[in-house]
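> Here you go, this is input-v3.txt (compact mmCIF, C-alpha atoms).
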# COMPACT_ATOMS: atom_id res chain seq x y z
CA MET A 1 138.10 109.20 137.71
CA ALA A 2 134.42 108.66 136.91
CA VAL A 3 131.83 110.44 139.07
CA ALA A 4 128.04 110.65 139.09
CA ASP A 5 128.01 113.61 136.66
CA ASP A 6 129.74 111.42 134.05
CA LEU A 7 126.51 109.49 133.58
CA ASP A 8 125.18 112.32 131.39
CA ARG A 9 128.24 112.78 129.19
CA ALA A 10 129.53 109.22 128.88
CA THR A 11 129.76 107.20 125.68
CA ASP A 12 127.24 104.36 125.45
CA SER A 13 127.95 100.65 125.23
CA GLN A 14 128.94 99.27 121.82
CA TRP A 15 125.98 96.88 122.11
CA ASP A 16 122.97 98.67 120.58
CA TRP A 17 120.36 97.10 122.85
CA VAL A 18 122.38 97.98 125.98
CA ALA A 19 122.95 101.53 124.72
CA GLU A 20 119.22 101.99 124.07
CA GLN A 21 118.31 100.60 127.48
CA THR A 22 120.84 102.92 129.13
CA ARG A 23 119.56 106.00 127.27
CA THR A 24 115.94 105.18 128.19
CA TYR A 25 116.91 104.62 131.82
CA LEU A 26 118.71 107.95 132.10
CA ALA A 27 116.20 109.98 130.04
CA SER A 28 113.40 108.81 132.35
CA GLY A 29 115.31 109.75 135.49
CA GLY A 30 115.48 106.08 136.40
CA THR A 31 111.75 105.42 136.29
CA GLU A 32 111.98 103.30 133.10
CA GLY A 33 114.45 100.45 132.84
CA HIS A 34 115.20 100.05 136.54
CA GLU A 35 113.22 96.82 136.47
CA SER A 36 113.39 94.71 133.35
CA ASN A 37 112.19 91.13 132.94
CA GLY A 38 112.05 90.63 136.70
CA VAL A 39 115.57 91.91 137.46
CA GLN A 40 116.77 95.27 138.69
CA MET A 41 119.23 97.28 136.64
CA LEU A 42 121.63 100.12 137.39
CA VAL A 43 123.74 102.32 135.14
CA VAL A 44 127.48 102.54 135.76
CA ALA A 45 129.90 105.05 134.24
CA THR A 46 133.60 104.21 134.20
CA THR A 47 136.67 105.96 132.83
CA GLY A 48 138.15 104.35 129.72
CA ARG A 49 141.53 102.98 130.75
CA ARG A 50 143.16 103.84 127.41
CA THR A 51 141.08 106.83 126.26
CA SER A 52 140.13 108.50 129.57
CA ILE A 53 136.66 108.96 128.04
CA PRO A 54 133.70 108.22 130.35
CA ARG A 55 131.80 105.07 129.29
CA ARG A 56 128.45 103.83 130.56
CA THR A 57 126.45 100.64 130.56
CA CYS A 58 123.40 99.05 132.21
CA LEU A 59 123.97 96.09 134.54
CA ILE A 60 121.87 93.72 136.62
CA TYR A 61 122.48 94.27 140.32
CA GLY A 62 121.87 92.90 143.77
CA THR A 63 122.69 94.41 147.13
CA ASP A 64 124.85 93.51 150.09
CA GLY A 65 124.33 95.97 152.93
CA GLU A 66 124.98 99.42 151.45
CA ASP A 67 126.92 97.95 148.50
CA PHE A 68 125.52 97.32 145.04
CA VAL A 69 126.69 94.00 143.58
CA VAL A 70 127.30 93.45 139.85
CA VAL A 71 128.70 90.49 137.93
CA ALA A 72 131.36 90.86 135.21
CA SER A 73 129.98 87.96 133.17
CA LYS A 74 130.08 89.22 129.55
CA GLY A 75 127.72 86.35 128.77
CA GLY A 76 130.36 83.77 129.66
CA ALA A 77 133.00 85.11 127.26
CA ASP A 78 136.62 84.16 127.92
CA ASP A 79 137.65 87.78 128.53
CA ASP A 80 136.36 90.32 131.03
CA PRO A 81 133.95 93.06 129.99
CA GLU A 82 135.44 96.47 129.20
CA TRP A 83 133.60 98.17 132.09
CA PHE A 84 135.30 95.75 134.49
CA LYS A 85 138.75 96.36 132.99
CA ASN A 86 138.11 100.10 133.33
CA LEU A 87 137.19 99.71 137.01
CA GLN A 88 140.34 97.69 137.63
CA ALA A 89 142.37 100.60 136.24
CA ASP A 90 140.33 103.27 138.09
CA PRO A 91 137.84 102.10 140.74
CA SER A 92 135.83 105.33 140.81
CA ALA A 93 132.43 105.04 139.11
CA GLY A 94 129.30 107.08 138.55
CA VAL A 95 126.19 105.05 139.38
CA GLN A 96 122.46 105.54 138.96
CA VAL A 97 120.04 103.19 140.71
CA GLY A 98 116.47 104.21 139.92
CA PRO A 99 116.40 107.97 140.51
CA ARG A 100 119.40 107.90 142.90
CA ARG A 101 122.80 109.04 141.59
CA PHE A 102 126.12 108.77 143.39
CA THR A 103 129.83 108.26 142.96
CA ALA A 104 130.98 104.81 144.06
CA HIS A 105 134.22 103.00 144.81
CA ALA A 106 134.44 99.62 143.07
CA ARG A 107 136.28 96.58 144.32
CA VAL A 108 136.35 92.92 143.41
CA ALA A 109 134.74 90.64 145.99
CA SER A 110 137.17 88.56 148.04
CA ALA A 111 137.01 84.77 147.68
CA ALA A 112 134.93 84.54 150.88
CA GLU A 113 132.54 87.28 149.73
CA ARG A 114 132.26 85.70 146.28
CA ALA A 115 131.32 82.34 147.81
CA LEU A 116 128.33 84.04 149.46
CA LEU A 117 127.43 86.46 146.67
CA TRP A 118 127.59 84.18 143.64
CA PRO A 119 124.60 82.01 144.67
CA ARG A 120 122.63 85.16 145.54
CA MET A 121 123.35 86.74 142.14
CA ALA A 122 122.58 83.45 140.34
CA ARG A 123 119.16 83.43 142.03
CA ILE A 124 118.57 86.95 140.71
CA PHE A 125 119.73 85.99 137.20
CA PRO A 126 120.02 82.20 136.73
CA LEU A 127 121.93 82.50 133.44
CA TYR A 128 125.03 83.47 135.46
CA ASP A 129 125.52 79.78 136.30
CA GLU A 130 125.32 78.92 132.60
CA TYR A 131 127.81 81.68 131.79
CA ALA A 132 130.22 80.32 134.41
CA HIS A 133 130.17 76.93 132.68
CA LYS A 134 130.92 78.51 129.28
CA THR A 135 134.29 79.95 130.33
CA THR A 136 137.45 78.88 132.10
CA ARG A 137 137.84 82.27 133.84
CA GLU A 138 136.35 82.88 137.25
CA ILE A 139 133.69 85.50 136.62
CA PRO A 140 134.37 88.46 138.93
CA ILE A 141 131.83 89.96 141.28
CA VAL A 142 132.17 93.68 141.88
CA LEU A 143 130.93 95.64 144.88
CA LEU A 144 130.06 99.31 144.30
CA THR A 145 130.18 101.26 147.55
CA PRO A 146 128.48 104.70 147.53
CA GLN A 147 130.84 107.51 148.50
CA GLU A 148 128.16 110.08 149.46
As structure tokens - that is how I would like this structure written.


Amino acid sequence: MAVADDLDRATDSQWDWVAEQTRTYLASGGTEGHESNGVQMLVVATTGRRTSIPRRTCLIYGTDGEDFVVVASKGGADDDPEWFKNLQADPSAGVQVGPRRFTAHARVASAAERALLWPRMARIFPLYDEYAHKTTREIPIVLLTPQE
């Protein structure tokens, strides 16, 4: 079960540029890396479904009420990203948004929610539409609800 404190002890993404961005974000207390190239980023820590080791990555986000919305796109790959698979196995996550840290409960958006949220997220990051055309899978949208 990942919690906010796991953000400091989690293993970084296997992608070097994501790992560097995540480390910069956390080292700055969320003042660097929260906004990048016109989009807002958060850091999420999950529990590895096979290893039980906390893992962390930086993701683009939007909001829906009190929820933070992230897209499990993996650049349009045919399989889901590891962080998403981890959240499916254990929906508890540590999250940092700017300087704010909290433990969140993750859930996949319902079909009705996805119909509303996908266009909103594609406006935030237009490449999501391109990613959706690259794969046959329906790219999941995840809502992270703070548990504070």

> Compile the contact shell of Tyr128 (chain A) as a PyMOL selection string: residues with an atom at most 9 Å away, counting only C-alpha atoms, same-chain residues fewer than 2 positions apart removed.

chain A and resi 71+73+75-76+118+121-123+125-126+130-133+139

> Name the residues within 10 Å of (115.8, 105.1, 131.6), counting all atoms listed in the file in the file's coordinates, and put them as a list in words.

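Protein, DNA and RNA residues close to (115.8, 105.1, 131.6): Glu20, Gln21, Thr22, Arg23, Thr24, Tyr25, Leu26, Ala27, Ser28, Gly29, Gly30, Thr31, Glu32, Gly33, His34, Glu35, Met41, Leu42, Val43, Cys58, Gln96, Gly98 and Pro99 of chain A.
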
> I need the residue nearest His105 (chain A) from this list: A:Leu117, A:Ala93, A:Leu127, A:Val69. Use all atoms listed in the file for the distance.

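The closest residue to His105 (chain A) is A:Ala93.
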
> Of the residues A:Glu82, A:Ala4, A:Val70, A:Ala111, which is the one nearest to Val142 (chain A), using all atoms listed in the file?

A:Val70

> Figure out the distance between CA of Thr135 (chain A) and CA of Asp79 (chain A), please, to one decimal in Å.

8.7 Å

> Which of these residues is nearest to Thr103 (chain A), using only C-alpha atoms: A:Ala115, A:Asp129, A:Ile53, A:Pro146?

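Closest candidate: A:Pro146.
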
> For region 87-91 of chain A, work out the shell of residues within 12 Å, counting only C-alpha atoms and skipping chain neighbours fewer than 6 positions away, then give it as a VMD selection string.

chain A and resid 1 to 3 44 to 52 54 to 56 72 80 to 81 103 to 108 140 to 147

> Save the residues we just selected, C-alpha atoms, as a PDB file, in the frame of the given file?


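What landed in result_24.pdb:
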ATOM      1  CA  MET A   1     138.100 109.200 137.710  1.00  0.00           C
ATOM      2  CA  ALA A   2     134.420 108.660 136.910  1.00  0.00           C
ATOM      3  CA  VAL A   3     131.830 110.440 139.070  1.00  0.00           C
ATOM      4  CA  VAL A  44     127.480 102.540 135.760  1.00  0.00           C
ATOM      5  CA  ALA A  45     129.900 105.050 134.240  1.00  0.00           C
ATOM      6  CA  THR A  46     133.600 104.210 134.200  1.00  0.00           C
ATOM      7  CA  THR A  47     136.670 105.960 132.830  1.00  0.00           C
ATOM      8  CA  GLY A  48     138.150 104.350 129.720  1.00  0.00           C
ATOM      9  CA  ARG A  49     141.530 102.980 130.750  1.00  0.00           C
ATOM     10  CA  ARG A  50     143.160 103.840 127.410  1.00  0.00           C
ATOM     11  CA  THR A  51     141.080 106.830 126.260  1.00  0.00           C
ATOM     12  CA  SER A  52     140.130 108.500 129.570  1.00  0.00           C
ATOM     13  CA  PRO A  54     133.700 108.220 130.350  1.00  0.00           C
ATOM     14  CA  ARG A  55     131.800 105.070 129.290  1.00  0.00           C
ATOM     15  CA  ARG A  56     128.450 103.830 130.560  1.00  0.00           C
ATOM     16  CA  ALA A  72     131.360  90.860 135.210  1.00  0.00           C
ATOM     17  CA  ASP A  80     136.360  90.320 131.030  1.00  0.00           C
ATOM     18  CA  PRO A  81     133.950  93.060 129.990  1.00  0.00           C
ATOM     19  CA  THR A 103     129.830 108.260 142.960  1.00  0.00           C
ATOM     20  CA  ALA A 104     130.980 104.810 144.060  1.00  0.00           C
ATOM     21  CA  HIS A 105     134.220 103.000 144.810  1.00  0.00           C
ATOM     22  CA  ALA A 106     134.440  99.620 143.070  1.00  0.00           C
ATOM     23  CA  ARG A 107     136.280  96.580 144.320  1.00  0.00           C
ATOM     24  CA  VAL A 108     136.350  92.920 143.410  1.00  0.00           C
ATOM     25  CA  PRO A 140     134.370  88.460 138.930  1.00  0.00           C
ATOM     26  CA  ILE A 141     131.830  89.960 141.280  1.00  0.00           C
ATOM     27  CA  VAL A 142     132.170  93.680 141.880  1.00  0.00           C
ATOM     28  CA  LEU A 143     130.930  95.640 144.880  1.00  0.00           C
ATOM     29  CA  LEU A 144     130.060  99.310 144.300  1.00  0.00           C
ATOM     30  CA  THR A 145     130.180 101.260 147.550  1.00  0.00           C
ATOM     31  CA  PRO A 146     128.480 104.700 147.530  1.00  0.00           C
ATOM     32  CA  GLN A 147     130.840 107.510 148.500  1.00  0.00           C
TER      33      GLN A 147
END

> Out of A:Tyr61, A:Phe102, A:Trp83, A:Phe68, which residue has the shortest atom-to-atom distance to Gln40 (chain A) when counting only C-alpha atoms?

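Nearest to Gln40 (chain A): A:Tyr61.
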
> Work out how far apart CA of Asn37 (chain A) and CA of Thr136 (chain A) are and give it in Å to one decimal.

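Value for the CA of Asn37 (chain A)-CA of Thr136 (chain A) distance: 28.1 Å.
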
> What gap, in Å, lies between CA of Pro119 (chain A) and CA of Gly62 (chain A)?

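Taking CA of Pro119 (chain A) as the start and CA of Gly62 (chain A) as the end point, the length is 11.3 Å.
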